[in-house]
file entry.cif (mmCIF, C-alpha atoms and all ligand atoms)
data_protein
loop_
_atom_site.label_atom_id
_atom_site.label_comp_id
_atom_site.auth_asym_id
_atom_site.auth_seq_id
_atom_site.Cartn_x
_atom_site.Cartn_y
_atom_site.Cartn_z
CA MET A 23 30.08 0.42 23.71
CA PRO A 24 31.69 3.65 22.42
CA ARG A 25 30.93 6.75 24.47
CA LYS A 26 28.60 9.48 23.27
CA ILE A 27 29.89 12.47 21.30
CA ARG A 28 29.74 15.48 23.60
CA VAL A 29 28.62 18.79 22.10
CA LEU A 30 28.35 22.25 23.65
CA VAL A 31 25.80 24.43 21.83
CA GLY A 32 26.63 28.06 22.60
CA LYS A 33 24.81 31.34 22.02
CA PRO A 34 27.43 34.08 22.20
CA GLY A 35 26.70 37.80 22.40
CA LEU A 36 23.48 39.75 22.66
CA ASP A 37 21.76 37.69 19.97
CA GLY A 38 18.31 36.63 21.17
CA HIS A 39 17.53 34.24 18.28
CA ASP A 40 17.56 30.89 20.08
CA ARG A 41 15.16 28.85 17.96
CA GLY A 42 17.87 27.52 15.60
CA ALA A 43 20.16 26.64 18.51
CA LYS A 44 17.36 24.71 20.22
CA VAL A 45 16.34 22.90 17.02
CA VAL A 46 19.94 21.86 16.39
CA ALA A 47 20.49 20.90 20.04
CA ALA A 48 17.39 18.69 19.98
CA ALA A 49 18.44 17.08 16.68
CA LEU A 50 21.93 16.27 18.01
CA ARG A 51 20.40 14.85 21.17
CA ASP A 52 18.02 12.69 19.13
CA ALA A 53 21.04 11.47 17.14
CA GLY A 54 22.50 10.08 20.38
CA MET A 55 24.88 12.90 21.28
CA GLU A 56 25.25 14.37 24.74
CA VAL A 57 24.30 18.01 24.34
CA ILE A 58 24.92 20.88 26.70
CA TYR A 59 23.19 24.15 25.83
CA THR A 60 24.69 27.32 27.31
CA GLY A 61 21.57 29.46 27.06
CA LEU A 62 21.48 32.98 25.66
CA HIS A 63 23.91 35.89 26.05
CA GLN A 64 27.16 34.10 26.83
CA THR A 65 30.57 35.67 26.41
CA PRO A 66 33.20 33.76 24.40
CA GLU A 67 35.06 33.29 27.72
CA GLN A 68 32.01 31.67 29.35
CA ILE A 69 31.52 29.37 26.37
CA VAL A 70 35.13 28.19 26.33
CA GLU A 71 35.14 27.76 30.10
CA ALA A 72 32.01 25.59 29.86
CA ALA A 73 33.59 23.61 26.99
CA VAL A 74 36.66 22.86 29.11
CA GLN A 75 34.63 21.99 32.22
CA GLU A 76 32.25 19.76 30.30
CA ASP A 77 35.10 18.14 28.37
CA VAL A 78 33.24 18.36 25.06
CA ASP A 79 34.38 17.14 21.66
CA VAL A 80 32.56 19.87 19.75
CA VAL A 81 31.87 23.56 20.36
CA ALA A 82 28.91 24.56 18.17
CA LEU A 83 27.93 28.23 18.05
CA SER A 84 24.68 29.76 16.86
CA VAL A 85 25.13 33.34 15.61
CA LEU A 86 22.33 35.30 13.96
CA SER A 87 23.47 38.73 15.11
CA GLY A 88 25.91 39.43 12.29
CA ALA A 89 28.87 39.32 14.70
CA HIS A 90 30.15 35.93 13.45
CA MET A 91 33.42 37.38 12.08
CA THR A 92 34.30 38.52 15.61
CA LEU A 93 32.78 35.72 17.68
CA PHE A 94 34.09 32.64 15.85
CA PRO A 95 37.75 33.85 15.77
CA GLU A 96 37.51 34.93 19.42
CA VAL A 97 36.15 31.56 20.57
CA GLN A 98 38.77 29.84 18.42
CA ARG A 99 41.56 31.93 20.00
CA LEU A 100 40.30 31.20 23.53
CA MET A 101 39.96 27.47 22.75
CA GLU A 102 43.58 27.39 21.62
CA ALA A 103 44.69 29.31 24.72
CA ALA A 104 42.80 26.85 26.95
CA GLY A 105 44.44 23.86 25.27
CA VAL A 106 41.28 22.65 23.51
CA GLY A 107 42.10 23.99 20.06
CA ASP A 108 42.01 20.44 18.68
CA LYS A 109 38.27 20.16 19.30
CA LEU A 110 35.81 20.92 16.50
CA LEU A 111 34.50 24.50 16.34
CA THR A 112 31.42 24.58 14.14
CA GLY A 113 28.05 26.32 14.12
CA GLY A 114 25.54 28.21 12.06
CA GLY A 115 23.16 31.11 11.74
CA ILE A 116 22.90 34.12 9.45
CA ILE A 117 26.36 33.87 7.89
CA PRO A 118 27.06 34.83 4.27
CA ALA A 119 28.75 32.12 2.16
CA GLU A 120 31.92 34.19 1.67
CA ASP A 121 32.27 34.63 5.46
CA MET A 122 31.79 30.87 5.93
CA GLN A 123 34.61 30.33 3.44
CA THR A 124 36.90 32.87 5.16
CA LEU A 125 36.31 31.26 8.56
CA LEU A 126 36.88 27.79 7.10
CA GLU A 127 40.25 28.97 5.73
CA ARG A 128 41.11 30.23 9.23
CA GLY A 129 40.55 26.79 10.73
CA VAL A 130 36.90 27.01 11.84
CA GLY A 131 34.78 23.99 10.89
CA ARG A 132 31.88 23.92 8.45
CA LEU A 133 29.09 26.42 9.16
CA PHE A 134 25.40 25.95 8.42
CA GLY A 135 23.00 28.65 7.23
CA PRO A 136 19.19 28.96 7.34
CA GLY A 137 17.34 25.97 5.92
CA SER A 138 20.23 23.59 6.63
CA SER A 139 19.16 20.03 7.24
CA THR A 140 19.82 18.87 10.78
CA VAL A 141 20.71 15.46 9.30
CA ASP A 142 23.61 17.15 7.44
CA ILE A 143 24.76 18.68 10.75
CA VAL A 144 24.60 15.29 12.50
CA VAL A 145 26.46 13.58 9.63
CA TYR A 146 29.14 16.31 9.58
CA ILE A 147 29.85 16.01 13.32
CA ARG A 148 29.88 12.20 13.22
CA GLU A 149 32.26 12.20 10.23
CA TRP A 150 34.62 14.63 11.97
CA TYR A 151 34.53 12.46 15.10
CA ALA A 152 35.20 9.25 13.15
CA GLU A 153 38.11 10.90 11.32
CA ARG A 154 39.62 12.03 14.60
CA HIS A 155 39.00 8.99 16.84
CA GLY A 156 38.53 6.20 14.28
CA ALA A 157 35.35 4.59 12.99
CA ASP A 158 35.27 2.15 15.93
CA ALA A 159 34.89 5.05 18.38
CA LEU A 160 31.70 6.18 16.68
CA PRO A 161 28.62 5.35 18.78
CA PRO A 162 25.72 3.77 16.87
CA LEU A 163 22.82 5.98 15.84
CA PRO A 164 19.73 5.45 18.01
CA PRO A 165 16.78 3.73 16.31
CA PRO A 166 14.52 6.06 14.32
CA PRO A 167 11.57 7.50 16.29
CA PRO A 168 8.31 5.52 16.12
CA ARG A 169 5.81 6.52 13.43
CA GLY A 170 3.95 9.71 14.18
CA GLU A 171 6.87 11.39 15.91
CA PRO A 172 8.71 14.20 14.10
CA VAL A 173 11.71 12.98 12.10
CA VAL A 174 14.96 14.86 12.49
CA GLY A 175 15.76 16.80 9.34
CA SER A 176 12.30 16.36 7.85
CA GLY A 177 11.55 20.02 8.41
CA GLU A 178 9.26 19.22 11.32
CA MET A 179 10.14 20.76 14.66
CA PRO A 180 11.34 17.98 16.98
CA ALA A 181 9.63 18.14 20.35
CA PRO A 182 12.21 19.82 22.58
CA ALA A 183 10.93 18.44 25.85
CA SER A 184 10.42 14.78 25.04
CA PRO A 185 9.06 12.94 28.08
CA ARG A 186 10.40 9.63 26.73
CA PRO A 187 12.67 8.14 29.38
CA ASP A 188 14.88 6.45 26.78
CA ARG A 189 15.90 9.82 25.37
CA HIS A 190 18.50 12.04 26.91
CA HIS A 191 17.45 15.61 27.39
CA VAL A 192 19.55 18.56 26.35
CA ARG A 193 21.30 19.83 29.46
CA VAL A 194 21.55 23.54 30.14
CA ALA A 195 25.08 24.41 31.20
CA THR A 196 24.52 27.51 33.32
CA ALA A 197 22.81 26.56 36.59
CA PRO A 198 20.28 29.38 37.18
CA ALA A 199 18.61 29.04 33.79
CA PRO A 200 15.25 30.79 33.40
CA ALA A 201 12.24 28.52 33.86
CA THR A 202 11.24 28.71 30.17
CA LYS A 203 14.69 27.52 29.14
CA ARG A 204 14.54 24.63 31.60
CA LYS A 205 11.20 23.62 30.16
CA ALA A 206 12.44 23.73 26.54
CA ALA A 207 15.47 21.70 27.49
CA GLY A 208 13.31 18.99 28.99
CA GLY A 209 13.58 19.94 32.65
CA ARG A 210 10.93 20.77 35.19
CA PRO A 211 8.05 22.91 33.90
CA ALA A 212 8.02 26.53 35.07
CA LYS A 213 6.69 27.01 38.60
CA LYS A 214 3.90 29.52 39.02
CA SER A 215 4.87 32.55 41.05
CA VAL A 216 2.99 33.07 44.33
CA ARG A 217 1.16 36.03 42.78
CA ALA A 218 0.18 34.14 39.62
CA ALA A 219 -1.01 31.19 41.68
CA ALA A 220 -3.23 33.48 43.77
CA ARG A 221 -4.80 35.17 40.72
CA PRO A 222 -7.60 32.66 39.91
CA ALA A 223 -8.68 32.61 43.57
CA LYS A 224 -8.78 36.41 43.62
CA ARG A 225 -10.92 36.50 40.46
CA LYS A 226 -13.31 33.95 41.96
CA ALA A 227 -13.68 36.02 45.12
CA ALA A 228 -14.32 39.16 43.05
CA LYS A 229 -17.07 37.36 41.08
CA GLN A 230 -18.75 36.23 44.26
CA ALA A 231 -18.58 39.75 45.73
CA ALA A 232 -20.01 41.39 42.61
CA PRO A 233 -23.75 40.64 43.20
CA LYS A 234 -23.42 41.78 46.83
CA ARG A 235 -22.00 45.15 45.72
CA ALA A 236 -24.76 45.54 43.11
CA ALA A 237 -27.41 44.86 45.77
CA LYS A 238 -25.85 47.51 48.01
CA ARG A 239 -25.98 50.08 45.19
CA GLY A 240 -29.62 49.23 44.47
CA PRO A 241 -31.21 49.06 41.02
CA ALA A 242 -29.61 51.66 38.74
CA LYS A 243 -32.57 52.11 36.40
CA GLN A 244 -34.94 53.21 39.14
CA ALA A 245 -32.59 55.92 40.34
CA ALA A 246 -32.28 57.53 36.92
CA PRO A 247 -35.89 58.74 36.47
CA LYS A 248 -35.86 60.20 40.01
CA ARG A 249 -32.80 62.30 39.18
CA ALA A 250 -34.40 63.35 35.87
CA ALA A 251 -37.58 64.43 37.71
CA LYS A 252 -35.54 66.51 40.13
CA ARG A 253 -33.74 68.26 37.24
CA GLY A 254 -37.02 68.89 35.44
CA PRO A 255 -37.56 68.74 31.66
CA ALA A 256 -34.32 69.51 29.81
CA LYS A 257 -35.92 71.10 26.72
CA LYS A 258 -37.77 73.77 28.68
CA THR A 259 -34.68 75.04 30.48
CA ALA A 260 -32.57 75.18 27.31
CA PRO A 261 -34.51 77.98 25.47
CA LYS A 262 -34.61 79.97 28.73
CA ARG A 263 -30.80 79.84 29.00
CA ALA A 264 -30.45 80.73 25.32
CA ALA A 265 -32.75 83.76 25.72
CA LYS A 266 -30.84 84.86 28.78
CA ARG A 267 -27.54 84.64 26.83
CA ARG A 268 -29.06 86.66 23.92
CA GLY A 269 -30.27 89.33 26.38
CA ARG A 270 -26.72 89.83 27.68
C1 LIG P 1 12.16 34.36 14.27
C2 LIG P 1 13.03 35.60 14.10
C3 LIG P 1 13.11 36.47 15.18
C4 LIG P 1 12.47 36.19 16.53
C5 LIG P 1 13.41 35.27 17.32
C6 LIG P 1 12.68 34.20 18.10
C7 LIG P 1 13.65 33.25 18.73
N1 LIG P 1 13.44 33.01 20.00
O1 LIG P 1 14.56 32.70 18.12
C8 LIG P 1 12.38 37.63 17.12
C9 LIG P 1 11.06 38.24 16.75
C10 LIG P 1 12.55 37.73 18.63
C11 LIG P 1 13.46 38.35 16.34
C12 LIG P 1 14.04 39.52 16.76
C13 LIG P 1 15.00 40.20 16.04
N2 LIG P 1 15.46 39.89 14.80
CO1 LIG P 1 15.00 38.26 13.89
N3 LIG P 1 14.50 36.88 12.72
C14 LIG P 1 13.73 35.86 12.88
C15 LIG P 1 13.63 35.07 11.56
C16 LIG P 1 12.36 35.50 10.85
C17 LIG P 1 13.65 33.56 11.66
C18 LIG P 1 14.77 32.98 12.54
C19 LIG P 1 14.43 31.55 12.92
O2 LIG P 1 14.01 31.27 14.02
N4 LIG P 1 14.55 30.63 11.95
C20 LIG P 1 14.24 29.23 12.20
C21 LIG P 1 15.51 28.52 12.72
C22 LIG P 1 15.23 27.02 12.88
O3 LIG P 1 16.51 28.67 11.73
P1 LIG P 1 17.93 29.31 12.02
O4 LIG P 1 17.97 30.02 13.29
O5 LIG P 1 18.41 29.99 10.81
O6 LIG P 1 18.81 27.98 12.25
C23 LIG P 1 19.23 27.16 11.18
C24 LIG P 1 20.59 27.56 10.60
O7 LIG P 1 20.87 28.92 10.68
C25 LIG P 1 21.55 26.71 11.36
N5 LIG P 1 21.93 27.07 12.73
C26 LIG P 1 21.49 28.03 13.54
N6 LIG P 1 22.07 27.95 14.74
C27 LIG P 1 22.92 26.90 14.68
C28 LIG P 1 23.77 26.37 15.63
C29 LIG P 1 24.55 25.26 15.30
C30 LIG P 1 25.41 24.69 16.33
C31 LIG P 1 24.51 24.71 13.99
C32 LIG P 1 25.36 23.58 13.64
C33 LIG P 1 23.63 25.26 13.04
C34 LIG P 1 22.86 26.33 13.40
O8 LIG P 1 20.84 25.49 11.43
C35 LIG P 1 19.46 25.77 11.73
C36 LIG P 1 18.61 24.70 11.09
O9 LIG P 1 18.53 24.85 9.73
C37 LIG P 1 14.92 35.60 10.82
C38 LIG P 1 14.84 35.64 9.29
C39 LIG P 1 15.19 34.30 8.69
N7 LIG P 1 14.41 33.93 7.72
O10 LIG P 1 16.12 33.63 9.10
C40 LIG P 1 15.06 37.01 11.40
C41 LIG P 1 16.44 37.62 11.51
C42 LIG P 1 17.43 36.58 12.00
N8 LIG P 1 16.25 38.65 12.51
C43 LIG P 1 16.91 39.74 12.28
C44 LIG P 1 16.88 40.89 13.08
C45 LIG P 1 17.62 42.10 12.52
C46 LIG P 1 16.22 40.91 14.31
C47 LIG P 1 16.14 42.10 15.28
C48 LIG P 1 17.46 42.85 15.48
C49 LIG P 1 15.02 43.00 14.78
C50 LIG P 1 14.86 44.29 15.58
N9 LIG P 1 15.29 45.35 14.97
O11 LIG P 1 14.38 44.24 16.67
C51 LIG P 1 15.67 41.42 16.58
C52 LIG P 1 16.85 41.01 17.45
C53 LIG P 1 16.41 40.38 18.75
C54 LIG P 1 17.59 39.95 19.59
N10 LIG P 1 17.47 40.14 20.88
O12 LIG P 1 18.56 39.43 19.11
C55 LIG P 1 17.74 39.62 11.02
C56 LIG P 1 19.23 39.39 11.29
C57 LIG P 1 20.09 40.16 10.31
C58 LIG P 1 21.55 39.82 10.37
N11 LIG P 1 22.08 39.21 11.37
O13 LIG P 1 22.24 40.13 9.43
C59 LIG P 1 17.00 38.45 10.28
C60 LIG P 1 17.89 37.62 9.33
C61 LIG P 1 15.83 39.09 9.49
C62 LIG P 1 16.33 39.93 8.33
N12 LIG P 1 16.28 39.41 7.11
O14 LIG P 1 16.73 41.04 8.49
N13 LIG P 1 13.76 37.67 15.21
#
call {"tool": "encode", "arguments": {"input": "entry.cif", "output": "structure tokens"}}
result
Amino acid sequence: MPRKIRVLVGKPGLDGHDRGAKVVAAALRDAGMEVIYTGLHQTPEQIVEAAVQEDVDVVALSVLSGAHMTLFPEVQRLMEAAGVGDKLLTGGGIIPAEDMQTLLERGVGRLFGPGSSTVDIVVYIREWYAERHGADALPPLPPPPPRGEPVVGSGEMPAPASPRPDRHHVRVATAPAPATKRKAAGGRPAKKSVRAAARPAKRKAAKQAAPKRAAKRGPAKQAAPKRAAKRGPAKKTAPKRAAKRRGR
């Protein structure tokens, strides 16, 4: 049985748009690839280091920040320096067609813009792999998901945290990933903090204490007329004050 195609999905720079990267990572996973997601805010050095450590076939970057003309060449340079320049460097994001063409001419793989079909991305990676390692090295595509489940490339969002045991989850490369990222990648759900866990109990205690406090204060409506009686009728005092002011 041929081994799985290994892909590192990287998010370089300060770009916080991770939806596309997660959609693509989930689609590649569902197409039988082993996917490692770096998480947000990685430097090109961190991405290439992870690519070498994980021994991936493909480095796939998601760039929506506009910095693609710096990031792709930098990752490409570092890949060559690390001796993994023969691996596929591909990706996508907000990248104008002319920039895609320029990067392609410089040796970067095909890039995919908004609205790209994830099926096209899967097909592109598989074709590159078959060209490089031979058709026999290509692992078979997993069977299509049962009816009712989202179909990759149909425009539906594939469930990122599939509980199905027969599916491999996207692995997050950096160890101390935030809880939300772990959850999206199919890991453990986020743990409640001690404070958050104590909150409902606190609210319950406050509700129970509320009637006791009200009883201590006594009925509010009864107190009001007493105070009003003490002050005396408001309308009588007002003309007196006005007359006094006029007299001054
Ligand atoms: C949702 C969104 C946000 C969300 C992001 C939520 C998230 N967690 O991802 C929020 C509200 C946080 C946000 C913030 C900002 N955003 Co915004 N955002 C968008 C929006 C509307 C949609 C992006 C999206 O999720 N699309 C859905 C996904 C599935 O599509 P996708 O990412 O494009 O991915 C597809 C392809 O690009 C490609 N692809 C993407 N990644 C990869 C990776 C690989 C390996 C491969 C093969 C393919 C691939 O394949 C995917 C499938 O088709 C776009 C506009 C647009 N229509 O694209 C603006 C947009 C990206 N944002 C923009 C901007 C400017 C910002 C802000 C700077 C705004 C501000 N001034 O605060 C901030 C930056 C925040 C940050 N820290 O980076 C600009 C970027 C301009 C540019 N780069 O030239 C855009 C284009 C809007 C615009 N027209 O101006 N944004």
call {"tool": "closest_residue", "arguments": {"input": "entry.cif", "among": "A:Ala152, A:Ala157, A:Met101, A:Val141", "to": "Ala48 in chain A", "atoms": "only C-alpha atoms"}}
result
A:Val141
call {"tool": "closest_atom_pairs", "arguments": {"input": "entry.cif", "of": "chain A", "to": "ligand LIG 1 (chain P)", "cutoff": "9 Å", "atoms": "all atoms listed in the file", "output": "JSON lines"}}
result
{"residue": "A:Val29", "atom": "CA", "partner": "P:LIG1", "partner_atom": "C30", "distance": 8.9}
{"residue": "A:Leu30", "atom": "CA", "partner": "P:LIG1", "partner_atom": "C30", "distance": 8.3}
{"residue": "A:Val31", "atom": "CA", "partner": "P:LIG1", "partner_atom": "C30", "distance": 5.5}
{"residue": "A:Gly32", "atom": "CA", "partner": "P:LIG1", "partner_atom": "C30", "distance": 7.2}
{"residue": "A:Lys33", "atom": "CA", "partner": "P:LIG1", "partner_atom": "C28", "distance": 8.2}
{"residue": "A:Gly35", "atom": "CA", "partner": "P:LIG1", "partner_atom": "O12", "distance": 8.9}
{"residue": "A:Leu36", "atom": "CA", "partner": "P:LIG1", "partner_atom": "O12", "distance": 6.1}
{"residue": "A:Asp37", "atom": "CA", "partner": "P:LIG1", "partner_atom": "O12", "distance": 3.7}
{"residue": "A:Gly38", "atom": "CA", "partner": "P:LIG1", "partner_atom": "O12", "distance": 3.5}
{"residue": "A:His39", "atom": "CA", "partner": "P:LIG1", "partner_atom": "O1", "distance": 3.3}
{"residue": "A:Asp40", "atom": "CA", "partner": "P:LIG1", "partner_atom": "O1", "distance": 4.0}
{"residue": "A:Arg41", "atom": "CA", "partner": "P:LIG1", "partner_atom": "O1", "distance": 3.9}
{"residue": "A:Gly42", "atom": "CA", "partner": "P:LIG1", "partner_atom": "O4", "distance": 3.4}
{"residue": "A:Ala43", "atom": "CA", "partner": "P:LIG1", "partner_atom": "N6", "distance": 4.4}
{"residue": "A:Lys44", "atom": "CA", "partner": "P:LIG1", "partner_atom": "N6", "distance": 7.9}
{"residue": "A:Val45", "atom": "CA", "partner": "P:LIG1", "partner_atom": "C22", "distance": 5.9}
{"residue": "A:Val46", "atom": "CA", "partner": "P:LIG1", "partner_atom": "C29", "distance": 5.8}
{"residue": "A:Ala47", "atom": "CA", "partner": "P:LIG1", "partner_atom": "C30", "distance": 7.2}
{"residue": "A:Val81", "atom": "CA", "partner": "P:LIG1", "partner_atom": "C30", "distance": 7.7}
{"residue": "A:Ala82", "atom": "CA", "partner": "P:LIG1", "partner_atom": "C30", "distance": 4.0}
{"residue": "A:Leu83", "atom": "CA", "partner": "P:LIG1", "partner_atom": "C30", "distance": 4.7}
{"residue": "A:Ser84", "atom": "CA", "partner": "P:LIG1", "partner_atom": "C28", "distance": 3.7}
{"residue": "A:Val85", "atom": "CA", "partner": "P:LIG1", "partner_atom": "N6", "distance": 6.3}
{"residue": "A:Leu86", "atom": "CA", "partner": "P:LIG1", "partner_atom": "N11", "distance": 4.7}
{"residue": "A:Ser87", "atom": "CA", "partner": "P:LIG1", "partner_atom": "N11", "distance": 4.0}
{"residue": "A:Gly88", "atom": "CA", "partner": "P:LIG1", "partner_atom": "N11", "distance": 3.9}
{"residue": "A:Ala89", "atom": "CA", "partner": "P:LIG1", "partner_atom": "N11", "distance": 7.6}
{"residue": "A:His90", "atom": "CA", "partner": "P:LIG1", "partner_atom": "N11", "distance": 9.0}
{"residue": "A:Thr112", "atom": "CA", "partner": "P:LIG1", "partner_atom": "C32", "distance": 6.2}
{"residue": "A:Gly113", "atom": "CA", "partner": "P:LIG1", "partner_atom": "C30", "distance": 3.8}
{"residue": "A:Gly114", "atom": "CA", "partner": "P:LIG1", "partner_atom": "C34", "distance": 3.5}
{"residue": "A:Gly115", "atom": "CA", "partner": "P:LIG1", "partner_atom": "O7", "distance": 3.3}
{"residue": "A:Ile116", "atom": "CA", "partner": "P:LIG1", "partner_atom": "N11", "distance": 5.5}
{"residue": "A:Ile117", "atom": "CA", "partner": "P:LIG1", "partner_atom": "O13", "distance": 7.7}
{"residue": "A:Pro118", "atom": "CA", "partner": "P:LIG1", "partner_atom": "O13", "distance": 8.8}
{"residue": "A:Arg132", "atom": "CA", "partner": "P:LIG1", "partner_atom": "C32", "distance": 8.3}
{"residue": "A:Leu133", "atom": "CA", "partner": "P:LIG1", "partner_atom": "C32", "distance": 6.5}
{"residue": "A:Phe134", "atom": "CA", "partner": "P:LIG1", "partner_atom": "C25", "distance": 4.9}
{"residue": "A:Gly135", "atom": "CA", "partner": "P:LIG1", "partner_atom": "O7", "distance": 4.1}
{"residue": "A:Pro136", "atom": "CA", "partner": "P:LIG1", "partner_atom": "O5", "distance": 3.7}
{"residue": "A:Gly137", "atom": "CA", "partner": "P:LIG1", "partner_atom": "O9", "distance": 4.1}
{"residue": "A:Ser138", "atom": "CA", "partner": "P:LIG1", "partner_atom": "O9", "distance": 3.8}
{"residue": "A:Ser139", "atom": "CA", "partner": "P:LIG1", "partner_atom": "O9", "distance": 5.5}
{"residue": "A:Thr140", "atom": "CA", "partner": "P:LIG1", "partner_atom": "C36", "distance": 6.0}
{"residue": "A:Ile143", "atom": "CA", "partner": "P:LIG1", "partner_atom": "C32", "distance": 5.7}
{"residue": "A:Val144", "atom": "CA", "partner": "P:LIG1", "partner_atom": "C32", "distance": 8.4}
{"residue": "A:Ile147", "atom": "CA", "partner": "P:LIG1", "partner_atom": "C32", "distance": 8.8}
{"residue": "A:Gly175", "atom": "CA", "partner": "P:LIG1", "partner_atom": "O9", "distance": 8.5}
{"residue": "A:Gly177", "atom": "CA", "partner": "P:LIG1", "partner_atom": "O9", "distance": 8.6}
{"residue": "A:Met179", "atom": "CA", "partner": "P:LIG1", "partner_atom": "C22", "distance": 8.3}
call {"tool": "closest_residue", "arguments": {"input": "entry.cif", "among": "A:Lys26, A:Val78, A:Gly156, A:Gln64", "to": "Gly107 in chain A", "atoms": "all atoms listed in the file"}}
result
A:Val78
call {"tool": "atom_distance", "arguments": {"input": "entry.cif", "atom1": "CA of Trp150 in chain A", "atom2": "CA of Met55 in chain A"}}
result
13.6 Å
call {"tool": "closest_residue", "arguments": {"input": "entry.cif", "among": "A:Leu163, A:Met23, A:Val74, A:Ala195", "to": "Asp52 in chain A", "atoms": "all atoms listed in the file"}}
result
A:Leu163
call {"tool": "closest_residue", "arguments": {"input": "entry.cif", "among": "A:Leu100, A:Leu160, A:Met91, A:Val145", "to": "Glu120 in chain A", "atoms": "only C-alpha atoms"}}
result
A:Met91
call {"tool": "closest_residue", "arguments": {"input": "entry.cif", "among": "A:Val194, A:Val80, A:Ile27, A:Pro34", "to": "Gln68 in chain A", "atoms": "all atoms listed in the file"}}
result
A:Pro34
call {"tool": "atom_distance", "arguments": {"input": "entry.cif", "atom1": "CA of Ala49 in chain A", "atom2": "CA of Pro161 in chain A"}}
result
15.7 Å
call {"tool": "atom_distance", "arguments": {"input": "entry.cif", "atom1": "CA of Met122 in chain A", "atom2": "CA of Val70 in chain A"}}
result
20.8 Å
